[in-house]
file protein_16.txt (compact mmCIF, C-alpha atoms)
# COMPACT_ATOMS: atom_id res chain seq x y z
CA MET A 84 11.46 7.11 19.84
CA LYS A 85 8.51 8.93 18.34
CA PHE A 86 6.43 8.03 15.30
CA LEU A 87 3.16 8.93 13.60
CA HIS A 88 0.47 6.31 12.98
CA ALA A 89 -2.28 7.11 10.46
CA ALA A 90 -4.59 5.07 8.26
CA ASP A 91 -7.58 5.38 5.95
CA LEU A 92 -6.80 8.73 4.34
CA HIS A 93 -9.33 7.89 1.61
CA LEU A 94 -8.08 10.54 -0.80
CA ASP A 95 -10.65 10.99 -3.60
CA THR A 96 -13.64 10.37 -1.33
CA PRO A 97 -16.59 11.51 -3.50
CA PHE A 98 -18.85 12.62 -0.62
CA GLN A 99 -21.94 11.48 -2.49
CA GLY A 100 -25.50 11.98 -1.30
CA LEU A 101 -25.15 15.61 -0.23
CA SER A 102 -27.49 18.14 -1.75
CA GLY A 103 -28.05 21.85 -1.34
CA LEU A 104 -24.38 22.71 -0.78
CA THR A 105 -22.91 25.81 -2.33
CA PRO A 106 -20.12 25.18 -4.86
CA ALA A 107 -17.58 26.65 -2.42
CA LEU A 108 -18.68 24.35 0.41
CA GLN A 109 -18.76 21.33 -1.92
CA GLU A 110 -15.21 22.10 -3.02
CA ARG A 111 -14.06 22.51 0.56
CA LEU A 112 -15.56 19.18 1.54
CA VAL A 113 -14.14 17.26 -1.43
CA THR A 114 -10.65 18.63 -0.77
CA ALA A 115 -10.84 18.06 3.01
CA PRO A 116 -8.94 14.73 2.89
CA LEU A 117 -6.13 16.46 0.97
CA ARG A 118 -5.90 19.21 3.58
CA ALA A 119 -5.87 16.58 6.34
CA LEU A 120 -2.91 14.92 4.62
CA SER A 121 -1.07 18.24 4.41
CA ARG A 122 -1.69 18.80 8.12
CA LEU A 123 -0.40 15.29 8.83
CA VAL A 124 2.90 16.23 7.21
CA ASP A 125 2.99 19.53 9.12
CA LEU A 126 2.52 17.61 12.36
CA ALA A 127 5.16 14.99 11.55
CA VAL A 128 7.71 17.69 10.77
CA ALA A 129 6.82 19.81 13.81
CA GLU A 130 7.01 16.80 16.13
CA GLN A 131 10.25 15.62 14.51
CA VAL A 132 9.00 12.05 14.38
CA ASP A 133 11.40 9.24 13.55
CA PHE A 134 9.04 7.76 10.94
CA VAL A 135 5.48 7.72 9.66
CA LEU A 136 3.21 4.68 9.27
CA LEU A 137 0.35 4.85 6.75
CA VAL A 138 -1.71 1.69 7.20
CA GLY A 139 -3.86 1.12 4.13
CA ASP A 140 -6.64 2.83 2.16
CA LEU A 141 -4.57 5.83 1.26
CA PHE A 142 -7.02 6.27 -1.62
CA ASP A 143 -10.76 5.71 -1.72
CA GLN A 144 -10.57 3.39 -4.71
CA GLN A 145 -8.17 1.30 -6.77
CA GLY A 146 -7.95 3.98 -9.49
CA GLN A 147 -7.00 7.47 -8.38
CA SER A 148 -7.35 10.96 -9.77
CA VAL A 149 -4.28 12.92 -10.77
CA GLN A 150 -5.10 15.38 -7.98
CA ALA A 151 -5.06 12.68 -5.29
CA GLN A 152 -1.88 11.07 -6.58
CA ALA A 153 -0.17 14.45 -6.75
CA ALA A 154 -1.25 15.28 -3.19
CA LEU A 155 0.20 12.03 -1.87
CA MET A 156 3.47 12.44 -3.78
CA THR A 157 3.81 16.03 -2.57
CA ALA A 158 3.27 14.91 1.02
CA LEU A 159 5.82 12.11 0.72
CA ALA A 160 8.33 14.46 -0.90
CA ARG A 161 7.94 16.93 1.96
CA LEU A 162 8.63 14.14 4.44
CA ASN A 163 11.63 13.12 2.36
CA THR A 164 12.98 16.67 2.54
CA ALA A 165 12.59 16.48 6.32
CA SER A 166 14.45 13.11 6.33
CA ILE A 167 11.42 11.28 7.77
CA PRO A 168 11.00 7.68 6.55
CA VAL A 169 7.52 6.54 5.56
CA LEU A 170 6.33 2.93 5.66
CA LEU A 171 3.04 2.47 3.87
CA SER A 172 0.67 -0.23 2.73
CA PHE A 173 -2.38 -0.42 0.48
CA GLY A 174 -5.71 -1.70 1.78
CA ASN A 175 -8.98 -3.11 0.45
CA HIS A 176 -10.13 0.17 -1.13
CA ASP A 177 -6.88 0.93 -2.97
CA PHE A 178 -5.55 -2.62 -3.44
CA GLN A 179 -2.68 -2.86 -5.92
CA ALA A 180 -2.01 -5.94 -8.04
CA ASP A 181 1.13 -4.33 -9.50
CA LEU A 182 3.28 -2.14 -7.26
CA SER A 183 5.90 -1.63 -9.97
CA ARG A 184 3.92 1.27 -11.48
CA TRP A 185 4.54 3.38 -8.41
CA HIS A 186 7.68 5.50 -8.11
CA PHE A 187 7.89 6.85 -4.60
CA PRO A 188 10.57 9.10 -3.07
CA ALA A 189 13.62 7.43 -1.55
CA ASN A 190 12.28 7.75 2.01
CA VAL A 191 9.28 5.48 1.29
CA HIS A 192 9.09 1.75 1.95
CA VAL A 193 6.02 0.03 0.47
CA PHE A 194 4.95 -3.31 1.89
CA GLY A 195 4.14 -5.89 -0.77
CA PRO A 196 1.44 -8.59 -0.86
CA GLN A 197 3.36 -10.88 1.50
CA VAL A 198 4.26 -9.94 5.05
CA THR A 199 7.80 -8.57 5.18
CA THR A 200 9.82 -6.68 7.77
CA ALA A 201 11.75 -3.44 7.34
CA THR A 202 14.33 -2.29 9.88
CA LEU A 203 15.42 1.28 10.55
CA THR A 204 17.53 3.14 13.08
CA THR A 205 16.23 6.26 14.80
CA VAL A 206 18.22 9.41 15.49
CA ALA A 207 18.71 8.11 19.03
CA GLN A 208 20.18 4.91 17.53
CA GLU A 209 17.26 2.69 18.45
CA ARG A 210 16.70 -0.21 16.08
CA VAL A 211 13.07 -0.64 15.05
CA ALA A 212 11.63 -3.54 13.04
CA ILE A 213 8.30 -2.90 11.27
CA SER A 214 6.27 -5.68 9.65
CA GLY A 215 3.30 -5.41 7.29
CA PHE A 216 1.71 -6.18 3.92
CA SER A 217 -0.48 -4.61 1.22
CA TYR A 218 -3.66 -5.93 -0.35
CA ALA A 219 -3.10 -7.25 -3.88
CA GLN A 220 -6.85 -7.82 -4.31
CA ARG A 221 -9.97 -6.37 -2.74
CA TRP A 222 -10.41 -9.17 -0.24
CA VAL A 223 -7.92 -10.91 2.03
CA THR A 224 -9.91 -13.79 3.53
CA THR A 225 -7.14 -15.64 5.35
CA ASP A 226 -5.81 -14.71 8.76
CA PRO A 227 -2.45 -13.03 8.03
CA VAL A 228 -1.04 -13.07 11.55
CA ASP A 229 0.77 -16.42 11.20
CA ASP A 230 2.94 -14.77 8.55
CA TYR A 231 4.17 -12.10 10.95
CA PRO A 232 7.44 -13.06 12.65
CA VAL A 233 7.82 -13.14 16.41
CA LYS A 234 9.66 -10.11 17.78
CA ALA A 235 13.18 -10.19 16.46
CA THR A 236 16.25 -10.32 18.66
CA GLY A 237 18.63 -7.41 18.39
CA VAL A 238 15.93 -4.75 17.95
CA ASP A 239 14.71 -2.26 20.52
CA TYR A 240 11.14 -2.15 19.21
CA GLN A 241 9.03 -4.24 16.87
CA ILE A 242 5.86 -2.84 15.34
CA GLY A 243 3.18 -4.58 13.30
CA THR A 244 1.07 -2.76 10.72
CA LEU A 245 -2.18 -4.46 9.76
CA HIS A 246 -5.15 -3.26 7.70
CA GLY A 247 -7.94 -5.59 8.81
CA GLN A 248 -10.56 -6.36 11.42
CA ILE A 249 -11.37 -8.85 14.13
CA GLY A 250 -13.00 -11.92 12.57
CA VAL A 251 -12.58 -15.49 11.45
CA ALA A 252 -11.08 -17.08 8.36
CA GLY A 253 -13.34 -16.40 5.40
CA ASP A 254 -14.16 -12.85 6.40
CA HIS A 255 -13.13 -10.34 3.76
CA TYR A 256 -10.71 -8.03 5.50
CA ALA A 257 -7.63 -9.82 6.86
CA PRO A 258 -9.42 -11.32 9.89
CA PHE A 259 -7.48 -11.60 13.14
CA ASN A 260 -7.99 -11.77 16.89
CA VAL A 261 -6.23 -9.86 19.64
CA SER A 262 -4.87 -12.89 21.47
CA GLU A 263 -2.86 -14.02 18.45
CA LEU A 264 -1.42 -10.54 17.97
CA LEU A 265 -0.18 -10.67 21.55
CA THR A 266 1.69 -13.93 20.90
CA LYS A 267 4.05 -12.01 18.59
CA HIS A 268 5.32 -9.93 21.55
CA TYR A 269 5.33 -6.72 19.50
CA ASP A 270 5.61 -3.35 21.17
CA TYR A 271 2.82 -1.79 19.09
CA TRP A 272 0.25 -2.84 16.52
CA ALA A 273 -0.71 -0.04 14.12
CA LEU A 274 -4.11 -0.97 12.72
CA GLY A 275 -6.14 0.38 9.80
CA HIS A 276 -9.55 -0.28 8.21
CA ILE A 277 -11.90 0.65 11.07
CA HIS A 278 -12.67 4.37 10.85
CA GLN A 279 -13.50 4.80 14.52
CA ARG A 280 -10.43 5.45 16.65
CA GLN A 281 -10.21 2.70 19.28
CA THR A 282 -7.80 0.72 21.44
CA LEU A 283 -8.12 -3.06 21.39
CA ASN A 284 -5.33 -3.55 23.95
CA SER A 285 -3.63 -0.95 26.13
CA GLN A 286 -0.18 -2.47 26.67
CA PRO A 287 1.21 -3.30 24.30
CA PRO A 288 -1.00 -0.88 22.36
CA ILE A 289 -3.12 -2.47 19.64
CA VAL A 290 -4.76 0.58 18.14
CA TYR A 291 -6.91 1.80 15.27
CA ALA A 292 -5.99 5.39 14.46
CA GLY A 293 -9.33 5.88 12.71
CA ASN A 294 -9.56 7.83 9.47
CA THR A 295 -8.21 11.32 8.92
CA GLN A 296 -11.48 12.84 7.64
CA GLY A 297 -15.07 11.79 8.27
CA ARG A 298 -16.63 10.65 4.99
CA HIS A 299 -20.36 10.75 5.84
CA ARG A 300 -22.80 11.53 8.64
CA GLY A 301 -22.06 8.20 10.34
CA GLU A 302 -18.41 9.18 10.95
CA THR A 303 -18.83 11.88 13.55
CA GLY A 304 -16.33 13.69 15.72
CA ALA A 305 -12.70 14.69 15.40
CA LYS A 306 -10.57 12.62 13.02
CA GLY A 307 -6.80 12.53 12.70
CA CYS A 308 -3.77 10.46 13.62
CA LEU A 309 -1.72 9.24 16.56
CA ILE A 310 1.69 10.42 17.70
CA VAL A 311 3.30 7.52 19.54
CA ASN A 312 6.05 8.21 22.10
CA SER A 313 8.34 5.81 23.90
CA GLN A 314 8.30 6.03 27.68
CA ALA A 315 11.05 5.56 30.27
CA ASP A 316 10.01 1.92 30.74
CA GLN A 317 10.14 1.39 26.93
CA THR A 318 6.39 1.12 26.58
CA LEU A 319 4.75 3.09 23.78
CA GLN A 320 2.01 5.65 24.37
CA PRO A 321 -0.24 6.95 21.54
CA VAL A 322 -1.76 10.44 21.71
CA PHE A 323 -4.48 11.61 19.31
CA HIS A 324 -4.04 14.71 17.13
CA ALA A 325 -6.93 16.12 15.06
CA LEU A 326 -6.10 16.88 11.43
CA THR A 327 -9.19 18.45 9.91
CA ASP A 328 -11.45 21.41 10.61
CA ILE A 329 -14.48 19.71 9.04
CA GLU A 330 -16.43 17.42 11.34
CA TRP A 331 -19.71 15.59 11.11
CA ALA A 332 -21.83 15.92 14.24
CA ASP A 333 -25.16 14.69 15.61
CA TRP A 334 -27.19 17.04 17.80
CA THR A 335 -30.54 16.96 19.55
CA PRO A 336 -31.35 20.50 20.74
CA THR A 337 -33.22 21.49 23.88
CA LEU A 338 -36.21 23.51 22.75
CA THR A 339 -38.29 25.60 25.13
CA SER A 340 -41.84 26.94 25.05
CA PRO A 341 -44.14 28.08 23.57
CA GLU A 342 -45.87 24.87 22.62
CA PRO A 343 -47.03 24.00 20.09
CA MET A 344 -44.01 25.65 18.46
CA SER A 345 -44.09 27.56 15.21
CA ARG A 346 -41.50 27.20 12.49
CA SER A 347 -39.99 30.60 13.29
CA HIS A 348 -39.62 29.78 17.00
CA ILE A 349 -37.82 26.53 16.17
CA VAL A 350 -35.52 28.13 13.60
CA HIS A 351 -34.56 30.99 15.93
CA GLN A 352 -33.76 28.65 18.82
CA LEU A 353 -31.75 26.33 16.58
CA ALA A 354 -29.75 29.25 15.20
CA ASP A 355 -29.05 30.69 18.66
CA GLN A 356 -27.97 27.37 20.14
CA LEU A 357 -25.85 26.41 17.12
CA SER A 358 -23.96 29.70 17.28
CA LEU A 359 -23.00 28.89 20.88
CA LYS A 360 -22.36 25.17 20.44
CA MET A 361 -20.48 24.99 17.13
CA VAL A 362 -17.78 27.58 17.77
CA THR A 363 -14.70 25.97 16.22
CA GLY A 364 -14.14 24.87 12.64
CA LEU A 365 -16.70 23.78 10.09
CA LYS A 366 -19.23 21.18 11.21
CA LEU A 367 -21.86 19.37 9.18
CA VAL A 368 -24.60 18.82 11.73
CA THR A 369 -27.46 16.32 11.64
CA ILE A 370 -30.20 17.79 13.82
CA THR A 371 -32.72 15.49 15.46
CA LEU A 372 -35.67 17.32 16.99
CA PRO A 373 -36.84 16.01 20.39
CA ALA A 374 -39.52 13.35 20.11
CA SER A 375 -41.67 15.25 22.63
CA LEU A 376 -41.73 18.42 20.50
CA GLN A 377 -45.24 19.66 19.72
CA LEU A 378 -45.50 21.50 16.40
CA SER A 379 -48.07 24.04 15.39
CA ALA A 380 -50.23 23.08 12.43
CA MET A 381 -48.29 25.39 10.09
CA ALA A 382 -44.91 24.11 11.27
CA GLU A 383 -46.01 20.51 10.81
CA LEU A 384 -47.22 21.28 7.31
CA ALA A 385 -43.89 22.96 6.43
CA LEU A 386 -41.96 19.99 7.82
CA ASN A 387 -43.98 17.51 5.77
CA GLN A 388 -43.49 19.52 2.60
CA GLY A 389 -39.69 19.48 2.58
CA PRO A 390 -36.51 20.80 4.16
CA PHE A 391 -37.06 22.82 7.28
call {"tool": "encode", "arguments": {"input": "protein_16.txt", "output": "structure tokens"}}
result
Amino acid sequence: MKFLHAADLHLDTPFQGLSGLTPALQERLVTAPLRALSRLVDLAVAEQVDFVLLVGDLFDQQGQSVQAQAALMTALARLNTASIPVLLSFGNHDFQADLSRWHFPANVHVFGPQVTTATLTTVAQERVAISGFSYAQRWVTTDPVDDYPVKATGVDYQIGTLHGQIGVAGDHYAPFNVSELLTKHYDYWALGHIHQRQTLNSQPPIVYAGNTQGRHRGETGAKGCLIVNSQADQTLQPVFHALTDIEWADWTPTLTSPEPMSRSHIVHQLADQLSLKMVTGLKLVTITLPASLQLSAMAELALNQGPF
């Protein structure tokens, strides 16, 4: 068995707070989540996955642009053409009080506001049960795990999808704890909501896939999805795949003499080092100058007056 686990696509992310970008770069950034989604479909088709899980926050907000809706529908239709089932849920950003307004392709199963379970059969004739729910309002303050059934008999694998975070009842985002997830005896928990890819438990895997595109300078590094493969012992093993060529990065350069350094010396060294360091894809880099750096009087004046 092989499946794709993704979450937090955040289509329609506005990328606010950026200034000084050219129109072409601004357009490339705004459309980056759409390109990541297209690459997700390319990957699913190339890997011939048995199904795709999209675990909440497909959109950045409850209302969506025509462009974002069209991108999602195109992606789902492509997966339908490839005969790949999709099981999706809505999260706290794109919560849906009325799912009846959506008309998805036949390959799509949408989880409703209560936890339900869908069962499918893979090409290799493995029976897989997948449980999950969507947000009907912005906050889900009760622990939803009690509503998930224990692993069903007669299935080869059971997977839980959950858009939430570790917490206690009263927290806003479907609070849960790892120990209670383990009591369900599932083979995999596909998590969404936290944008940093991380593993809460190795076996069975309880995993956040992270988001598919960094949305601001605090979301650094490669973003993408997980391809999850079954092993000979029937355990499941997730492997990360990057989906976007736009990354946010933090960087503190190593600057050499002369000291105190002039503006031109700093700029030349930054340019030389960046050309060697940032060799793949487009990166939006936050540069932090070393605290020990001594600036010449003119360089310090230029720094105080505005962008370097």
call {"tool": "atom_distance", "arguments": {"input": "protein_16.txt", "atom1": "atom CA of A:Leu159", "atom2": "atom CA of A:Gln197"}}
result
23.1 Å
call {"tool": "atom_distance", "arguments": {"input": "protein_16.txt", "atom1": "atom CA of A:Ser262", "atom2": "atom CA of A:Ile289"}}
result
10.7 Å
call {"tool": "residues_near_point", "arguments": {"input": "protein_16.txt", "point": "(-11.0, 2.4, 3.2)", "cutoff": "6 Å", "atoms": "all atoms listed in the file", "output": "list in words"}}
result
Asp91, His93, Asp140, Asp143, His176 and His276 of chain A
call {"tool": "closest_residue", "arguments": {"input": "protein_16.txt", "among": "A:Leu162, A:Pro321, A:Gly304, A:Ile310", "to": "A:Val290", "atoms": "all atoms listed in the file"}}
result
A:Pro321
call {"tool": "atom_distance", "arguments": {"input": "protein_16.txt", "atom1": "atom CA of A:Ala189", "atom2": "atom CA of A:Gln150"}}
result
21.3 Å
